[in-house]
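Before any comments, here is the structure.
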Amino acid sequence: MRYPTADDIITFHGYIMRRWGLAPAPLRNRDALESAVARPQTAAYYEGADLIEQAAILTVAISQAQAFLDGNKRTAVQTLAAFLGANGQLFAGDSLELAKRLEAVAAQTNDRAAATAAFAAWVRDRVVAD
């Protein structure tokens, strides 16, 4: 399994922001980003999370960490595609719908675990072998 590092996420952030015609936003909390990057490995070890679950956990964690001043969801979406791609899978869903689903997870304050599980199920239905 290949996992991104915090530096990889910073690179993804720069790429996606420039792609949108924006300057990369400053990193405001590297510790939060490092924590987000560690979450899928923790879930794999302690919960037996498979690749898709890990991808969903990583995506939600980056989105929720708010490590950058702007572009956190865009960075999370880019990271999902890169993480899956590095592990032989392809996200074949709509990126805008993915962003909307991330917002729905964030809005679910009473049971974020269930919201993340529902997000993972949605992602699973849109992943194909690369």
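We name chains A, B, ... following the order of the structure tokens; residues begin at 1 in each chain, and ligands are numbered from 1 as shown.
Neighbours of Ala6 in chain A closer than or equal to 7 Å, with only C-alpha atoms counted and sequence neighbours fewer than 6 positions away skipped, come out as Leu33, Glu34 and Val37 of chain A.
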Please, could you write that set of residues out with C-alpha atoms as a compact mmCIF listing (two decimals), in the first residue's frame?
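Output file selection_6.txt is given in full below:
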# COMPACT_ATOMS: atom_id res chain seq x y z
CA LEU A 33 -2.16 17.74 8.07
CA GLU A 34 0.25 15.15 9.50
CA VAL A 37 -2.28 11.70 6.65
Item to complete: Step one, run DSSP on the backbone; step two, keep only residues of chain A assigned to helix (DSSP H, G or I); then write them as a ChimeraX atom specification.
Response: /A:6-19,30-47,51-65,72-86,95-107,112-124
Practice prompt. Pick out the residues sitting within 12 Å of Ala82 in chain A, and hand them over as number ranges by chain; count only C-alpha atoms, and ignore anything fewer than 5 positions along from it in its own chain.
Written response: A: 2-5, 8-9, 11-13, 15-16, 55, 58-59, 75-77, 87-91, 130
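Proximity ranking of A:Ile52, A:Phe83, A:Thr109, A:Pro26 relative to Arg124 in chain A places A:Ile52 first, based on only C-alpha atoms.
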When you look at Ala114 in chain A with a cut-off of 10 Å (counting only C-alpha atoms), what residues show up, excluding the ones that are within fewer than 6 positions of it in the same chain? I need them as an mmCIF file with all heavy atoms, in the first residue's frame.
data_model
loop_
_atom_site.group_PDB
_atom_site.id
_atom_site.type_symbol
_atom_site.label_atom_id
_atom_site.label_comp_id
_atom_site.auth_asym_id
_atom_site.auth_seq_id
_atom_site.Cartn_x
_atom_site.Cartn_y
_atom_site.Cartn_z
ATOM 1 N N VAL A 105 -20.631 15.203 4.897
ATOM 2 C CA VAL A 105 -19.949 14.579 6.035
ATOM 3 C C VAL A 105 -19.642 15.636 7.086
ATOM 4 O O VAL A 105 -19.860 15.428 8.276
ATOM 5 C CB VAL A 105 -18.662 13.854 5.594
ATOM 6 C CG1 VAL A 105 -17.872 13.362 6.806
ATOM 7 C CG2 VAL A 105 -18.987 12.683 4.671
ATOM 8 N N GLN A 108 -22.510 16.628 9.273
ATOM 9 C CA GLN A 108 -22.999 15.585 10.173
ATOM 10 C C GLN A 108 -22.189 15.590 11.475
ATOM 11 O O GLN A 108 -21.265 14.825 11.639
ATOM 12 C CB GLN A 108 -22.886 14.230 9.462
ATOM 13 C CG GLN A 108 -23.675 13.132 10.068
ATOM 14 C CD GLN A 108 -25.161 13.365 10.007
ATOM 15 O OE1 GLN A 108 -25.683 14.187 10.727
ATOM 16 N NE2 GLN A 108 -25.858 12.636 9.163
ATOM 17 N N ALA A 120 -17.760 6.446 2.343
ATOM 18 C CA ALA A 120 -16.929 5.350 1.830
ATOM 19 C C ALA A 120 -17.740 4.433 0.915
ATOM 20 O O ALA A 120 -17.241 3.998 -0.136
ATOM 21 C CB ALA A 120 -16.317 4.565 2.984
#
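With only C-alpha atoms as the basis for measurement, A:Arg126 is the residue among A:Arg126, A:Asp111, A:Ala49, A:Gly14 that approaches Ser95 in chain A most closely.
With distances restricted to only C-alpha atoms, A:Val60 is the closest residue to Glu103 in chain A from A:Ala129, A:Leu69, A:Leu80, A:Val60.
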Worksheet entry | Long-range neighbours of Leu98 in chain A as a PyMOL selection string, 9 Å cut-off, only C-alpha atoms, 2 positions minimum in chain | chain A and resi 77+93-96+100-103+119+122-123
Item to complete: Tell me which of A:Ala38, A:Ala86, A:Val128, A:Ala56 sits closest to Ala113 in chain A, counting only C-alpha atoms.
Response: A:Ala56
Item to complete: Enumerate the residues of chain A with a DSSP assignment of strand (DSSP E), computed from the backbone, and present them as a ChimeraX atom specification.
Response: /A:89-91,127-129
With all heavy atoms retained, could you export that selection as a compact mmCIF listing (two decimals), in the first residue's frame?
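Okay, this is what ended up in result_12.txt:
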# COMPACT_ATOMS: atom_id res chain seq x y z
N GLN A 89 -6.13 1.82 -8.42
CA GLN A 89 -7.57 2.05 -8.57
C GLN A 89 -7.82 3.43 -9.18
O GLN A 89 -6.97 4.30 -9.12
CB GLN A 89 -8.27 1.94 -7.22
CG GLN A 89 -8.07 0.61 -6.51
CD GLN A 89 -8.71 -0.55 -7.26
OE1 GLN A 89 -9.89 -0.51 -7.60
NE2 GLN A 89 -7.94 -1.59 -7.51
N LEU A 90 -8.99 3.62 -9.71
CA LEU A 90 -9.36 4.88 -10.35
C LEU A 90 -10.72 5.34 -9.84
O LEU A 90 -11.68 4.55 -9.85
CB LEU A 90 -9.42 4.69 -11.87
CG LEU A 90 -9.87 5.86 -12.71
CD1 LEU A 90 -8.81 6.97 -12.66
CD2 LEU A 90 -10.10 5.43 -14.14
N PHE A 91 -10.80 6.58 -9.38
CA PHE A 91 -12.09 7.14 -9.01
C PHE A 91 -12.78 7.57 -10.29
O PHE A 91 -12.29 8.43 -11.02
CB PHE A 91 -11.93 8.34 -8.06
CG PHE A 91 -13.24 8.99 -7.71
CD1 PHE A 91 -14.14 8.36 -6.88
CD2 PHE A 91 -13.58 10.21 -8.25
CE1 PHE A 91 -15.36 8.94 -6.58
CE2 PHE A 91 -14.80 10.81 -7.95
CZ PHE A 91 -15.69 10.17 -7.11
N VAL A 127 -15.37 3.41 -7.86
CA VAL A 127 -13.96 3.07 -8.03
C VAL A 127 -13.84 1.84 -8.91
O VAL A 127 -14.59 0.87 -8.75
CB VAL A 127 -13.29 2.82 -6.66
CG1 VAL A 127 -11.88 2.28 -6.82
CG2 VAL A 127 -13.26 4.11 -5.85
N VAL A 128 -12.91 1.91 -9.87
CA VAL A 128 -12.65 0.80 -10.77
C VAL A 128 -11.15 0.52 -10.77
O VAL A 128 -10.34 1.40 -10.44
CB VAL A 128 -13.15 1.09 -12.19
CG1 VAL A 128 -14.66 1.24 -12.23
CG2 VAL A 128 -12.49 2.33 -12.77
N ALA A 129 -10.79 -0.69 -11.17
CA ALA A 129 -9.36 -1.03 -11.27
C ALA A 129 -8.75 -0.21 -12.39
O ALA A 129 -9.37 0.00 -13.45
CB ALA A 129 -9.21 -2.52 -11.54
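When only C-alpha atoms are used to measure the gap to Gln54 in chain A, the shortest distance among A:Ala117, A:Ala104, A:Leu27, A:Ala92 belongs to A:Ala117.
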Item to complete: Between CA of Thr79 in chain A and CA of Ala107 in chain A, measure the distance and give it in Å to one decimal.
Response: 20.8 Å
Discussion item. To one decimal place in Å, what is the distance between CA of Lys73 in chain A and CA of Asn29 in chain A?
Written reply: 15.3 Å
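Between CA of Leu22 in chain A and CA of Ile57 in chain A lies a distance of 26.5 Å.
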